[in-house]
Amino acid sequence: MNQLAAQAHAHGHTPAHAVEHHEPAAAEHAHAEGQQHPIKIYFVIWAMLFVFSIGSYLIDYFDLHGPLRWTLIITFMLIKAGLIVAVFMHMAWERLALMYAIILPPVFVLVFVALMLFEADHTLLTRVTFFGAGP
């Protein structure tokens, strides 16, 4: 019996949170030493990171330019960063509240940067319209 259940039993009470739960021995062992993940997942993610890095290198090798180049570079960068955060920093196994606390602030920053970009275009258009193109 755990300590909370023993105290409740000594006082003649058996609250719902004091009821003893029986867990399998493997779950108790994993809980005592922390989470254990198969090493295969780390090797698979490492291989994926290697493939995406080769893709980033091939963008320069094939001398891509313009929006396609930057779209591919940013896509590969975000995929690699997501894999690193999810697996190597163990975010995939965290609670949802912690994920939101870490992931949502950068998303909000990106949204506000996008809003500022639209505002900057509007400001430039207004200045050109009312004050002319300049010297």
# chains A, B, ... in the order shown; residues from 1 in each chain; ligands from 1
$ residues_around --residues "region 40-47 of chain A" --least-positions-apart "3" --cutoff "12 Å" --atoms "only C-alpha atoms" --output "ChimeraX atom specification"
/A:36-37,50-54,79-90,92
$ write_last_selection --atoms "C-alpha atoms" --output "short mmCIF file (atom, residue, chain, number, x, y, z; two decimals), in the first residue's frame"
data_model
loop_
_atom_site.label_atom_id
_atom_site.label_comp_id
_atom_site.auth_asym_id
_atom_site.auth_seq_id
_atom_site.Cartn_x
_atom_site.Cartn_y
_atom_site.Cartn_z
CA GLN A 36 13.22 4.35 -22.70
CA HIS A 37 12.96 4.61 -26.48
CA PHE A 50 21.30 13.08 -43.54
CA VAL A 51 18.97 12.78 -46.57
CA PHE A 52 17.52 16.27 -46.02
CA SER A 53 21.04 17.67 -45.64
CA ILE A 54 21.98 16.09 -48.97
CA ILE A 79 11.75 19.70 -41.47
CA LYS A 80 15.20 19.09 -39.98
CA ALA A 81 14.54 21.43 -37.05
CA GLY A 82 11.19 19.72 -36.40
CA LEU A 83 12.77 16.26 -36.40
CA ILE A 84 15.53 17.37 -34.04
CA VAL A 85 13.11 19.00 -31.61
CA ALA A 86 10.60 16.14 -31.77
CA VAL A 87 12.97 13.21 -31.31
CA PHE A 88 16.38 14.28 -30.04
CA MET A 89 14.95 16.86 -27.63
CA HIS A 90 12.13 14.39 -26.70
CA ALA A 92 7.30 14.02 -29.14
#
$ closest_residue --among "A:Ile103, A:Ile74, A:Ala133, A:Met48" --to "Met91 (chain A)" --atoms "only C-alpha atoms"
A:Ile103
$ atom_distance --atom1 "CA of Arg95 (chain A)" --atom2 "CA of Gly34 (chain A)"
14.7 Å
$ select_by_dssp --residues "region 61-100 of chain A" --states "alpha helix (DSSP H)" --output "list of chain:residue names"
A:Tyr61, A:Gly66, A:Pro67, A:Leu68, A:Arg69, A:Trp70, A:Thr71, A:Leu72, A:Ile73, A:Ile74, A:Thr75, A:Phe76, A:Met77, A:Leu78, A:Ile79, A:Lys80, A:Ala81, A:Gly82, A:Leu83, A:Leu96, A:Ala97, A:Leu98, A:Met99, A:Tyr100
$ write_last_selection --atoms "N, CA and C atoms" --output "CSV table (one decimal), in the first residue's frame"
chain,number,residue,atom,x,y,z
A,61,TYR,N,24.2,22.6,-55.6
A,61,TYR,CA,24.9,21.9,-56.7
A,61,TYR,C,24.2,22.1,-58.0
A,66,GLY,N,16.1,31.9,-57.2
A,66,GLY,CA,14.7,32.5,-57.1
A,66,GLY,C,13.9,31.9,-55.9
A,67,PRO,N,12.6,32.0,-56.1
A,67,PRO,CA,11.7,31.5,-55.0
A,67,PRO,C,11.8,30.0,-54.8
A,68,LEU,N,12.1,29.2,-55.8
A,68,LEU,CA,12.2,27.8,-55.7
A,68,LEU,C,13.3,27.4,-54.7
A,69,ARG,N,14.5,28.1,-54.9
A,69,ARG,CA,15.6,27.9,-54.0
A,69,ARG,C,15.3,28.1,-52.6
A,70,TRP,N,14.7,29.3,-52.3
A,70,TRP,CA,14.4,29.7,-50.9
A,70,TRP,C,13.3,28.9,-50.3
A,71,THR,N,12.4,28.5,-51.1
A,71,THR,CA,11.3,27.6,-50.6
A,71,THR,C,11.9,26.3,-50.2
A,72,LEU,N,12.7,25.7,-51.1
A,72,LEU,CA,13.3,24.4,-50.7
A,72,LEU,C,14.2,24.5,-49.5
A,73,ILE,N,15.1,25.5,-49.5
A,73,ILE,CA,16.0,25.7,-48.3
A,73,ILE,C,15.2,25.8,-47.0
A,74,ILE,N,14.2,26.7,-47.0
A,74,ILE,CA,13.4,26.9,-45.8
A,74,ILE,C,12.6,25.6,-45.4
A,75,THR,N,12.1,24.9,-46.4
A,75,THR,CA,11.4,23.7,-46.1
A,75,THR,C,12.3,22.6,-45.5
A,76,PHE,N,13.4,22.4,-46.1
A,76,PHE,CA,14.4,21.4,-45.6
A,76,PHE,C,14.8,21.8,-44.1
A,77,MET,N,15.1,23.1,-43.9
A,77,MET,CA,15.5,23.6,-42.6
A,77,MET,C,14.4,23.4,-41.6
A,78,LEU,N,13.1,23.7,-41.9
A,78,LEU,CA,12.1,23.5,-40.9
A,78,LEU,C,11.8,22.0,-40.7
A,79,ILE,N,11.9,21.1,-41.7
A,79,ILE,CA,11.8,19.7,-41.5
A,79,ILE,C,12.9,19.2,-40.5
A,80,LYS,N,14.1,19.6,-40.8
A,80,LYS,CA,15.2,19.1,-40.0
A,80,LYS,C,15.1,19.6,-38.6
A,81,ALA,N,14.7,20.9,-38.4
A,81,ALA,CA,14.5,21.4,-37.0
A,81,ALA,C,13.4,20.7,-36.3
A,82,GLY,N,12.3,20.4,-37.0
A,82,GLY,CA,11.2,19.7,-36.4
A,82,GLY,C,11.6,18.3,-36.0
A,83,LEU,N,12.3,17.6,-36.8
A,83,LEU,CA,12.8,16.3,-36.4
A,83,LEU,C,13.7,16.3,-35.2
A,96,LEU,N,1.0,17.8,-24.0
A,96,LEU,CA,0.6,18.7,-25.0
A,96,LEU,C,0.7,20.2,-24.5
A,97,ALA,N,0.5,20.4,-23.2
A,97,ALA,CA,0.6,21.8,-22.7
A,97,ALA,C,2.0,22.3,-22.9
A,98,LEU,N,3.0,21.4,-22.6
A,98,LEU,CA,4.4,21.8,-22.8
A,98,LEU,C,4.8,22.1,-24.2
A,99,MET,N,4.2,21.2,-25.1
A,99,MET,CA,4.4,21.4,-26.5
A,99,MET,C,3.9,22.8,-27.0
A,100,TYR,N,2.7,23.1,-26.5
A,100,TYR,CA,2.1,24.4,-26.9
A,100,TYR,C,2.9,25.6,-26.3
